[in-house]
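Structure data follow from target.cif (mmCIF, C-alpha atoms):
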data_query
loop_
_atom_site.group_PDB
_atom_site.id
_atom_site.type_symbol
_atom_site.label_atom_id
_atom_site.label_comp_id
_atom_site.auth_asym_id
_atom_site.auth_seq_id
_atom_site.Cartn_x
_atom_site.Cartn_y
_atom_site.Cartn_z
ATOM 1 C CA MET A 1 305.106 32.128 -46.873
ATOM 2 C CA PRO A 2 301.355 32.610 -46.366
ATOM 3 C CA GLY A 3 299.400 34.796 -48.784
ATOM 4 C CA PRO A 4 298.859 38.558 -48.374
ATOM 5 C CA ILE A 5 295.566 38.090 -46.471
ATOM 6 C CA GLY A 6 297.244 35.702 -44.037
ATOM 7 C CA LEU A 7 300.129 38.133 -43.507
ATOM 8 C CA VAL A 8 297.776 41.083 -42.919
ATOM 9 C CA ILE A 9 295.801 39.101 -40.300
ATOM 10 C CA TRP A 10 299.059 37.970 -38.669
ATOM 11 C CA PHE A 11 300.491 41.492 -38.357
ATOM 12 C CA LEU A 12 297.123 42.865 -37.251
ATOM 13 C CA GLY A 13 297.088 40.271 -34.463
ATOM 14 C CA ILE A 14 300.599 41.263 -33.329
ATOM 15 C CA ALA A 15 299.603 44.964 -33.369
ATOM 16 C CA LEU A 16 296.503 44.265 -31.253
ATOM 17 C CA GLU A 17 298.515 42.202 -28.758
ATOM 18 C CA LEU A 18 301.032 45.014 -28.400
ATOM 19 C CA SER A 19 298.241 47.576 -28.111
ATOM 20 C CA PHE A 20 296.827 45.791 -25.048
ATOM 21 C CA VAL A 21 300.219 45.886 -23.329
ATOM 22 C CA VAL A 22 300.685 49.562 -24.239
ATOM 23 C CA CYS A 23 297.137 50.404 -23.065
ATOM 24 C CA SER A 24 297.647 48.700 -19.717
ATOM 25 C CA LEU A 25 300.950 50.558 -19.284
ATOM 26 C CA VAL A 26 299.276 53.885 -20.128
ATOM 27 C CA ARG A 27 296.323 53.149 -17.808
ATOM 28 C CA LYS A 28 298.795 52.050 -15.091
ATOM 29 C CA SER A 29 297.196 48.597 -14.860
ATOM 30 C CA PHE A 30 300.154 46.540 -16.051
ATOM 31 C CA LEU A 31 300.899 45.004 -12.651
ATOM 32 C CA GLN A 32 297.221 44.540 -11.776
ATOM 33 C CA TYR A 33 296.790 42.310 -14.815
ATOM 34 C CA LEU A 34 300.378 41.120 -14.929
ATOM 35 C CA PHE A 35 299.671 37.588 -16.178
ATOM 36 C CA LEU A 36 297.341 38.750 -18.972
ATOM 37 C CA ASN A 37 300.071 41.139 -20.087
ATOM 38 C CA LEU A 38 302.748 38.462 -19.806
ATOM 39 C CA TYR A 39 300.634 36.093 -21.883
ATOM 40 C CA LEU A 40 300.268 38.655 -24.676
ATOM 41 C CA ILE A 41 303.982 39.542 -24.504
ATOM 42 C CA PHE A 42 304.784 35.832 -24.904
ATOM 43 C CA VAL A 43 302.393 35.687 -27.887
ATOM 44 C CA VAL A 44 304.211 38.610 -29.530
ATOM 45 C CA VAL A 45 307.647 37.064 -28.864
ATOM 46 C CA SER A 46 306.517 33.707 -30.243
ATOM 47 C CA SER A 47 304.961 35.396 -33.300
ATOM 48 C CA VAL A 48 308.246 37.153 -34.080
ATOM 49 C CA THR A 49 310.181 33.897 -33.593
ATOM 50 C CA ARG A 50 307.731 32.014 -35.797
ATOM 51 C CA PHE A 51 307.988 34.703 -38.473
ATOM 52 C CA LEU A 52 311.790 34.424 -38.538
ATOM 53 C CA VAL A 53 311.622 30.622 -38.747
ATOM 54 C CA LEU A 54 308.919 30.792 -41.407
ATOM 55 C CA ARG A 55 310.922 33.260 -43.509
ATOM 56 C CA ASN A 56 314.053 31.115 -43.353
ATOM 57 C CA TYR A 57 312.615 27.618 -43.688
ATOM 58 C CA GLY A 58 309.046 27.906 -45.090
ATOM 59 C CA GLN A 59 305.605 26.941 -43.831
ATOM 60 C CA ASP A 60 305.919 23.246 -44.712
ATOM 61 C CA SER A 61 309.295 22.734 -43.039
ATOM 62 C CA ASP A 62 310.014 20.599 -39.979
ATOM 63 C CA GLN A 63 311.631 23.600 -38.281
ATOM 64 C CA TYR A 64 308.470 25.697 -38.494
ATOM 65 C CA MET A 65 306.310 22.793 -37.359
ATOM 66 C CA TYR A 66 308.456 22.158 -34.255
ATOM 67 C CA CYS A 67 308.773 25.885 -33.495
ATOM 68 C CA TYR A 68 305.007 26.346 -33.851
ATOM 69 C CA TYR A 69 303.851 23.442 -31.690
ATOM 70 C CA TYR A 70 306.448 23.845 -28.910
ATOM 71 C CA SER A 71 305.759 27.578 -28.618
ATOM 72 C CA ASP A 72 302.031 26.808 -28.705
ATOM 73 C CA LEU A 73 302.437 24.621 -25.618
ATOM 74 C CA LEU A 74 304.245 27.421 -23.771
ATOM 75 C CA LEU A 75 301.527 29.877 -24.771
ATOM 76 C CA THR A 76 298.744 27.547 -23.640
ATOM 77 C CA LEU A 77 300.519 27.164 -20.278
ATOM 78 C CA ALA A 78 300.799 30.973 -20.038
ATOM 79 C CA LEU A 79 297.085 31.291 -20.867
ATOM 80 C CA PHE A 80 296.300 28.739 -18.158
ATOM 81 C CA VAL A 81 298.272 30.810 -15.626
ATOM 82 C CA ALA A 82 296.486 33.990 -16.813
ATOM 83 C CA LEU A 83 293.138 32.248 -16.314
ATOM 84 C CA ILE A 84 294.123 31.188 -12.790
ATOM 85 C CA SER A 85 295.128 34.808 -12.076
ATOM 86 C CA LEU A 86 291.567 35.852 -13.058
ATOM 87 C CA TYR A 87 290.274 33.178 -10.636
ATOM 88 C CA THR A 88 292.367 34.628 -7.811
ATOM 89 C CA ARG A 89 290.921 38.087 -8.538
ATOM 90 C CA VAL A 90 287.306 36.843 -8.589
ATOM 91 C CA PHE A 91 287.771 34.746 -5.435
ATOM 92 C CA GLY A 92 290.140 37.280 -3.823
ATOM 93 C CA GLU A 93 287.759 38.273 -1.048
ATOM 94 C CA LEU A 94 286.929 34.681 -0.089
ATOM 95 C CA LYS A 95 290.539 33.986 0.923
ATOM 96 C CA VAL A 96 290.739 30.663 -0.904
ATOM 97 C CA LYS A 97 293.991 31.350 -2.733
ATOM 98 C CA GLN A 98 295.781 28.265 -1.373
ATOM 99 C CA TYR A 99 292.825 26.058 -2.281
ATOM 100 C CA LEU A 100 292.743 27.545 -5.804
ATOM 101 C CA TYR A 101 296.447 26.976 -6.361
ATOM 102 C CA PHE A 102 296.095 23.391 -5.158
ATOM 103 C CA VAL A 103 293.209 22.699 -7.576
ATOM 104 C CA ALA A 104 295.109 24.414 -10.429
ATOM 105 C CA MET A 105 298.220 22.311 -9.795
ATOM 106 C CA ALA A 106 296.123 19.122 -9.550
ATOM 107 C CA VAL A 107 294.393 19.940 -12.858
ATOM 108 C CA LEU A 108 297.721 20.711 -14.547
ATOM 109 C CA LEU A 109 299.361 17.561 -13.220
ATOM 110 C CA GLY A 110 296.325 15.439 -14.140
ATOM 111 C CA THR A 111 296.312 16.859 -17.673
ATOM 112 C CA ALA A 112 300.032 16.180 -18.072
ATOM 113 C CA ILE A 113 299.659 12.566 -16.862
ATOM 114 C CA PHE A 114 296.626 12.028 -19.093
ATOM 115 C CA SER A 115 298.484 13.471 -22.114
ATOM 116 C CA TYR A 116 301.495 11.277 -21.443
ATOM 117 C CA ALA A 117 299.249 8.208 -21.159
ATOM 118 C CA ILE A 118 297.826 8.974 -24.618
ATOM 119 C CA VAL A 119 301.186 9.397 -26.380
ATOM 120 C CA ASP A 120 303.030 6.752 -24.384
ATOM 121 C CA ARG A 121 302.754 4.170 -27.157
ATOM 122 C CA SER A 122 304.141 6.481 -29.794
ATOM 123 C CA SER A 123 307.805 5.596 -30.057
ATOM 124 C CA GLU A 124 308.926 8.278 -32.502
ATOM 125 C CA ARG A 125 308.847 12.019 -31.786
ATOM 126 C CA LEU A 126 307.471 11.372 -28.300
ATOM 127 C CA SER A 127 308.231 14.861 -26.985
ATOM 128 C CA THR A 128 306.521 16.552 -29.949
ATOM 129 C CA GLN A 129 303.471 14.326 -29.618
ATOM 130 C CA PHE A 130 303.386 15.043 -25.893
ATOM 131 C CA ALA A 131 303.654 18.822 -26.468
ATOM 132 C CA ILE A 132 300.781 18.799 -28.965
ATOM 133 C CA GLU A 133 298.591 16.534 -26.835
ATOM 134 C CA LEU A 134 299.198 18.555 -23.662
ATOM 135 C CA SER A 135 298.498 21.801 -25.500
ATOM 136 C CA GLN A 136 295.196 20.455 -26.870
ATOM 137 C CA ASN A 137 294.119 19.019 -23.533
ATOM 138 C CA LEU A 138 294.998 22.227 -21.691
ATOM 139 C CA TYR A 139 292.942 24.160 -24.223
ATOM 140 C CA PHE A 140 289.835 22.136 -23.353
ATOM 141 C CA VAL A 141 290.617 22.375 -19.616
ATOM 142 C CA GLY A 142 290.797 26.158 -20.116
ATOM 143 C CA LEU A 143 287.420 26.090 -21.849
ATOM 144 C CA VAL A 144 285.800 24.281 -18.905
ATOM 145 C CA LEU A 145 287.567 26.496 -16.338
ATOM 146 C CA THR A 146 286.373 29.664 -18.101
ATOM 147 C CA TYR A 147 282.747 28.543 -17.943
ATOM 148 C CA ILE A 148 283.124 27.634 -14.256
ATOM 149 C CA LEU A 149 284.623 31.097 -13.685
ATOM 150 C CA TRP A 150 281.736 32.723 -15.526
ATOM 151 C CA GLY A 151 279.317 30.778 -13.279
ATOM 152 C CA ALA A 152 281.227 32.054 -10.230
ATOM 153 C CA VAL A 153 281.085 35.633 -11.566
ATOM 154 C CA MET A 154 277.302 35.353 -11.853
ATOM 155 C CA LYS A 155 276.872 33.619 -8.506
ATOM 156 C CA LEU A 156 279.094 36.053 -6.598
ATOM 157 C CA ARG A 157 277.508 38.996 -8.446
ATOM 158 C CA GLU A 158 280.885 40.295 -9.509
ATOM 159 C CA THR A 159 280.555 43.925 -10.574
ATOM 160 C CA ARG A 160 284.065 44.911 -11.691
ATOM 161 C CA THR A 161 283.532 45.705 -15.375
ATOM 162 C CA ARG A 162 287.058 44.931 -16.502
ATOM 163 C CA LEU A 163 287.105 41.555 -14.796
ATOM 164 C CA VAL A 164 283.659 40.583 -16.114
ATOM 165 C CA GLN A 165 284.588 41.583 -19.665
ATOM 166 C CA PHE A 166 287.960 39.816 -19.552
ATOM 167 C CA VAL A 167 286.252 36.584 -18.467
ATOM 168 C CA LEU A 168 283.478 36.958 -21.051
ATOM 169 C CA SER A 169 285.983 37.630 -23.838
ATOM 170 C CA LEU A 170 287.948 34.561 -22.848
ATOM 171 C CA GLY A 171 284.776 32.432 -22.824
ATOM 172 C CA ILE A 172 283.757 33.651 -26.285
ATOM 173 C CA TYR A 173 287.320 33.149 -27.561
ATOM 174 C CA PHE A 174 287.523 29.542 -26.363
ATOM 175 C CA SER A 175 284.022 28.707 -27.612
ATOM 176 C CA ALA A 176 284.620 30.332 -31.003
ATOM 177 C CA TYR A 177 287.847 28.339 -31.419
ATOM 178 C CA ALA A 178 286.069 25.086 -30.618
ATOM 179 C CA ALA A 179 283.284 25.936 -33.098
ATOM 180 C CA SER A 180 285.763 26.966 -35.798
ATOM 181 C CA TYR A 181 287.717 23.769 -35.255
ATOM 182 C CA ALA A 182 284.559 21.737 -35.872
ATOM 183 C CA LEU A 183 283.851 23.856 -38.973
ATOM 184 C CA VAL A 184 287.382 23.405 -40.337
ATOM 185 C CA ASN A 185 287.099 19.645 -40.002
ATOM 186 C CA MET A 186 283.671 19.606 -41.656
ATOM 187 C CA ALA A 187 284.484 21.915 -44.587
ATOM 188 C CA GLU A 188 288.223 21.525 -45.061
ATOM 189 C CA GLN A 189 287.974 21.948 -48.831
ATOM 190 C CA LEU A 190 286.698 25.534 -48.518
ATOM 191 C CA GLY A 191 289.549 28.032 -48.849
ATOM 192 C CA VAL A 192 288.026 30.604 -46.517
ATOM 193 C CA VAL A 193 288.142 28.365 -43.413
ATOM 194 C CA GLN A 194 291.940 28.681 -43.238
ATOM 195 C CA TYR A 195 291.492 32.331 -42.199
ATOM 196 C CA ILE A 196 288.934 31.691 -39.443
ATOM 197 C CA SER A 197 291.463 30.566 -36.839
ATOM 198 C CA PRO A 198 293.904 33.521 -37.340
ATOM 199 C CA VAL A 199 290.988 36.013 -37.326
ATOM 200 C CA LEU A 200 289.753 34.558 -34.040
ATOM 201 C CA GLY A 201 293.293 34.968 -32.695
ATOM 202 C CA CYS A 202 292.883 38.734 -33.218
ATOM 203 C CA LEU A 203 289.586 38.931 -31.330
ATOM 204 C CA LEU A 204 290.893 38.243 -27.802
ATOM 205 C CA PRO A 205 293.530 41.025 -27.768
ATOM 206 C CA LEU A 206 291.021 43.340 -29.505
ATOM 207 C CA SER A 207 288.300 42.835 -26.893
ATOM 208 C CA TRP A 208 290.804 43.045 -24.007
ATOM 209 C CA THR A 209 292.248 46.282 -25.461
ATOM 210 C CA ILE A 210 288.791 47.835 -25.842
ATOM 211 C CA THR A 211 287.986 46.850 -22.241
ATOM 212 C CA MET A 212 291.251 48.328 -20.994
ATOM 213 C CA MET A 213 290.703 51.554 -22.954
ATOM 214 C CA ARG A 214 287.038 52.132 -22.170
ATOM 215 C CA HIS A 215 286.850 51.126 -18.521
ATOM 216 C CA THR A 216 288.818 52.022 -15.435
ATOM 217 C CA GLU A 217 289.477 49.752 -12.469
ATOM 218 C CA GLU A 218 286.664 51.540 -10.625
ATOM 219 C CA SER A 219 284.032 50.885 -13.346
ATOM 220 C CA ARG A 220 281.194 48.701 -12.175
ATOM 221 C CA LEU A 221 278.643 46.606 -14.053
ATOM 222 C CA ALA A 222 275.551 44.854 -12.733
ATOM 223 C CA THR A 223 275.838 41.263 -13.981
ATOM 224 C CA ALA A 224 272.422 40.527 -12.489
ATOM 225 C CA GLN A 225 270.919 42.497 -15.377
ATOM 226 C CA LEU A 226 272.281 39.950 -17.810
ATOM 227 C CA VAL A 227 270.352 37.055 -16.307
ATOM 228 C CA THR A 228 267.192 38.719 -15.030
ATOM 229 C CA VAL A 229 264.133 37.711 -17.017
ATOM 230 C CA GLN A 230 262.073 40.763 -18.009
ATOM 231 C CA ARG A 231 258.431 40.527 -16.928
ATOM 232 C CA MET B 1 291.987 16.777 4.889
ATOM 233 C CA SER B 2 288.459 16.856 3.447
ATOM 234 C CA ARG B 3 289.322 20.153 1.780
ATOM 235 C CA LYS B 4 292.261 18.558 -0.011
ATOM 236 C CA LEU B 5 290.148 15.593 -1.092
ATOM 237 C CA GLY B 6 287.500 18.036 -2.296
ATOM 238 C CA ALA B 7 290.142 19.874 -4.319
ATOM 239 C CA ILE B 8 291.324 16.632 -5.927
ATOM 240 C CA ALA B 9 287.739 15.606 -6.681
ATOM 241 C CA LEU B 10 287.087 19.022 -8.235
ATOM 242 C CA ALA B 11 290.265 18.771 -10.325
ATOM 243 C CA MET B 12 289.254 15.299 -11.531
ATOM 244 C CA ALA B 13 285.744 16.530 -12.403
ATOM 245 C CA ILE B 14 287.220 19.403 -14.433
ATOM 246 C CA LEU B 15 289.562 16.979 -16.186
ATOM 247 C CA VAL B 16 286.753 14.545 -17.021
ATOM 248 C CA GLY B 17 284.591 17.372 -18.388
ATOM 249 C CA ALA B 18 287.439 18.751 -20.484
ATOM 250 C CA MET B 19 288.385 15.373 -21.919
ATOM 251 C CA GLY B 20 284.733 14.635 -22.688
ATOM 252 C CA LEU B 21 284.506 17.896 -24.620
ATOM 253 C CA LYS B 22 287.750 17.114 -26.401
ATOM 254 C CA SER B 23 286.471 13.694 -27.458
ATOM 255 C CA ALA B 24 283.276 15.267 -28.779
ATOM 256 C CA PHE B 25 285.139 17.874 -30.830
ATOM 257 C CA THR B 26 288.114 15.894 -32.076
ATOM 258 C CA ALA B 27 286.574 12.474 -32.666
ATOM 259 C CA ARG B 28 286.850 12.683 -36.445
ATOM 260 C CA ALA B 29 289.418 15.434 -36.668
ATOM 261 C CA GLY B 30 292.459 15.109 -38.823
ATOM 262 C CA SER B 31 294.061 18.380 -37.791
ATOM 263 C CA VAL B 32 295.424 19.804 -34.540
ATOM 264 C CA LEU B 33 293.587 22.475 -32.596
ATOM 265 C CA THR B 34 295.829 25.411 -31.781
ATOM 266 C CA ALA B 35 294.436 28.532 -30.209
ATOM 267 C CA ASN B 36 297.153 31.071 -29.606
ATOM 268 C CA GLY B 37 297.627 34.132 -31.740
ATOM 269 C CA SER B 38 296.968 34.797 -35.398
ATOM 270 C CA ASP B 39 299.974 32.914 -36.802
ATOM 271 C CA PRO B 40 299.557 30.621 -39.829
ATOM 272 C CA VAL B 41 299.258 26.948 -38.919
ATOM 273 C CA PRO B 42 302.054 24.705 -40.321
ATOM 274 C CA THR B 43 301.017 22.779 -43.389
ATOM 275 C CA LYS B 44 302.973 19.724 -42.282
ATOM 276 C CA ASN B 45 300.975 17.154 -40.308
ATOM 277 C CA PRO B 46 302.631 16.585 -36.915
ATOM 278 C CA TRP B 47 301.162 13.110 -36.442
ATOM 279 C CA PRO B 48 303.335 10.329 -37.872
ATOM 280 C CA LYS B 49 301.751 8.176 -40.514
ATOM 281 C CA LYS B 50 300.189 5.036 -39.171
ATOM 282 C CA PRO B 51 301.721 1.828 -40.589
ATOM 283 C CA ALA B 52 299.656 0.122 -43.216
ATOM 284 C CA TYR B 53 298.115 -3.004 -41.780
ATOM 285 C CA THR B 54 298.590 -6.172 -43.763
ATOM 286 C CA VAL B 55 296.519 -9.228 -43.158
ATOM 287 C CA HIS B 56 298.407 -12.462 -43.436
ATOM 288 C CA ALA B 57 296.035 -15.219 -44.315
ATOM 289 C CA PRO B 58 297.001 -18.658 -42.989
ATOM 290 C CA ALA B 59 298.450 -20.866 -45.649
ATOM 291 C CA ILE B 60 296.065 -23.529 -46.863
ATOM 292 C CA ARG B 61 297.595 -26.930 -46.978
#

Show me this structure written as structure tokens.
Amino acid sequence: MPGPIGLVIWFLGIALELSFVVCSLVRKSFLQYLFLNLYLIFVVVSSVTRFLVLRNYGQDSDQYMYCYYYSDLLLTLALFVALISLYTRVFGELKVKQYLYFVAMAVLLGTAIFSYAIVDRSSERLSTQFAIELSQNLYFVGLVLTYILWGAVMKLRETRTRLVQFVLSLGIYFSAYAASYALVNMAEQLGVVQYISPVLGCLLPLSWTITMMRHTEESRLATAQLVTVQR
Amino acid sequence: MSRKLGAIALAMAILVGAMGLKSAFTARAGSVLTANGSDPVPTKNPWPKKPAYTVHAPAIR
């Protein structure tokens, strides 16, 4: 089992994920942001499953490793779908839904083929290797897609506060994970770096919950103010 | 038709960008990047150990 700090961060993360779902139910926005809610519900379900596996078999067991990486792939796929749902909201008025779905499917298929090509030579545990590789590749695809979406938000002068803040939170979340990953690989011997990744996992549900609590669907924000140079 | 080709080109561009970023970040990485939730990462390495390479020198006769 992880130490007390690890457990506190883990349970805090689950509480924040649940709080977003509860907030969106209370604010009657559950169906409007259905895929964001579904993603966080999947995260909670996988966390509970992982906890049960961890309690029974331990953190260094094969069972926990398989449970963790297979559920991680499902969660990354759910996050990808949630990101595409944000795309459809941003581009909703342009009536390019079909085009968006086609690009999303092409990206997903391309990533899957690319991941398979990488692990093709690995003869043992092919499905596990494929799951991990696909999850990692989808993470970086998500990172690129979020920045493209942020560019579109700026270009289209999107003013819906919730939407803008959801996209920004996602961008910061992806970037922070990439930065922390680099840090972990550089300073692996430092004990504190093991907590960076779980703490970052708490930030996305926290920022989404704050957005859901503080702003209504009618709230508007001028994104132009963010990029205008003061003279 | 051109719209579909444009979509495929866009998808390929996104894929190339993402894989470029991945190469930059994971070039010397020994661990796996996972980014979902606050769960503790397994301590077991999922990558199988690479076989030790042995060099067989040709026999001198």

Each residue of chain B lying at most 6 Å from chain A should get a row with its shortest atom-to-atom pair and the distance in Å to one decimal, counting only C-alpha atoms; could you produce that, ordered by chain and increasing number, as CSV?
residue,atom,partner,partner_atom,distance
B:Ala7,CA,A:Val103,CA,5.3
B:Ala11,CA,A:Val107,CA,5.0
B:Ala18,CA,A:Val141,CA,4.9
B:Ala29,CA,A:Asn185,CA,5.9
B:Gly37,CA,A:Gly201,CA,4.5
B:Ser38,CA,A:Pro198,CA,3.8
B:Asp39,CA,A:Trp10,CA,5.5
B:Pro42,CA,A:Gln59,CA,5.5
B:Thr43,CA,A:Asp60,CA,5.1
B:Lys44,CA,A:Asp60,CA,5.2

Notebook entry, point to check: Using the chain letters and numbers from the file, which residues does the PyMOL selection byres ((chain A and resi 216) around 12) grab, as a PyMOL selection string?
Noted result: chain A and resi 23-24+26-29+32+160-163+210-215+217-221

Note to self: Measuring between only C-alpha atoms, which one of A:Ala176, A:Ile118, A:Val45, A:Leu36 shows the shortest distance to A:Leu83?
What the structure shows: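 Counting only C-alpha atoms, the residue closest to A:Leu83 is A:Leu36.
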
Margin query: I'd like to know which of A:Val90, A:Val21, A:Ala112, A:Ala15 is closest to B:Leu15, using all atoms listed in the file.
Written below: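 Comparing A:Val90, A:Val21, A:Ala112, A:Ala15 against B:Leu15, the winner is A:Ala112.
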
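Interatomic distance, atom CA of A:Ser19 to atom CA of A:Thr146: 23.7 Å.
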
Using the file's own x, y and z axes, so that the box edges lie along x, y and z, what centre and edge lengths in Å (one decimal) does a box around every listed atom of stretch 80-85 of chain A get when 4 Å is added on each side? Give it as JSON.
{"center_x": 295.7, "center_y": 31.8, "center_z": -15.1, "size_x": 13.1, "size_y": 14.1, "size_z": 14.1}

Next item on the list: For atom CA of A:Phe35 and atom CA of A:Leu86, determine how far apart the two atoms are, in Å to one decimal place.
Entry: 8.9 Å

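Distances to A:Gly171 were evaluated for A:Ala187, A:Val53, A:Thr159, A:Gly151 using only C-alpha atoms, and the minimum falls at A:Gly151.
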
Item checked: Residue nearest A:Val22 among A:Arg55, A:Ser115, A:Ile41, A:Tyr147 (counting only C-alpha atoms) ->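 Ranked by minimum distance to A:Val22, first place goes to A:Ile41.
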
Notebook entry, point to check: So how far away is atom CA of A:Ile84 from atom CA of B:Val41, in Å?
Noted result: 27.0 Å
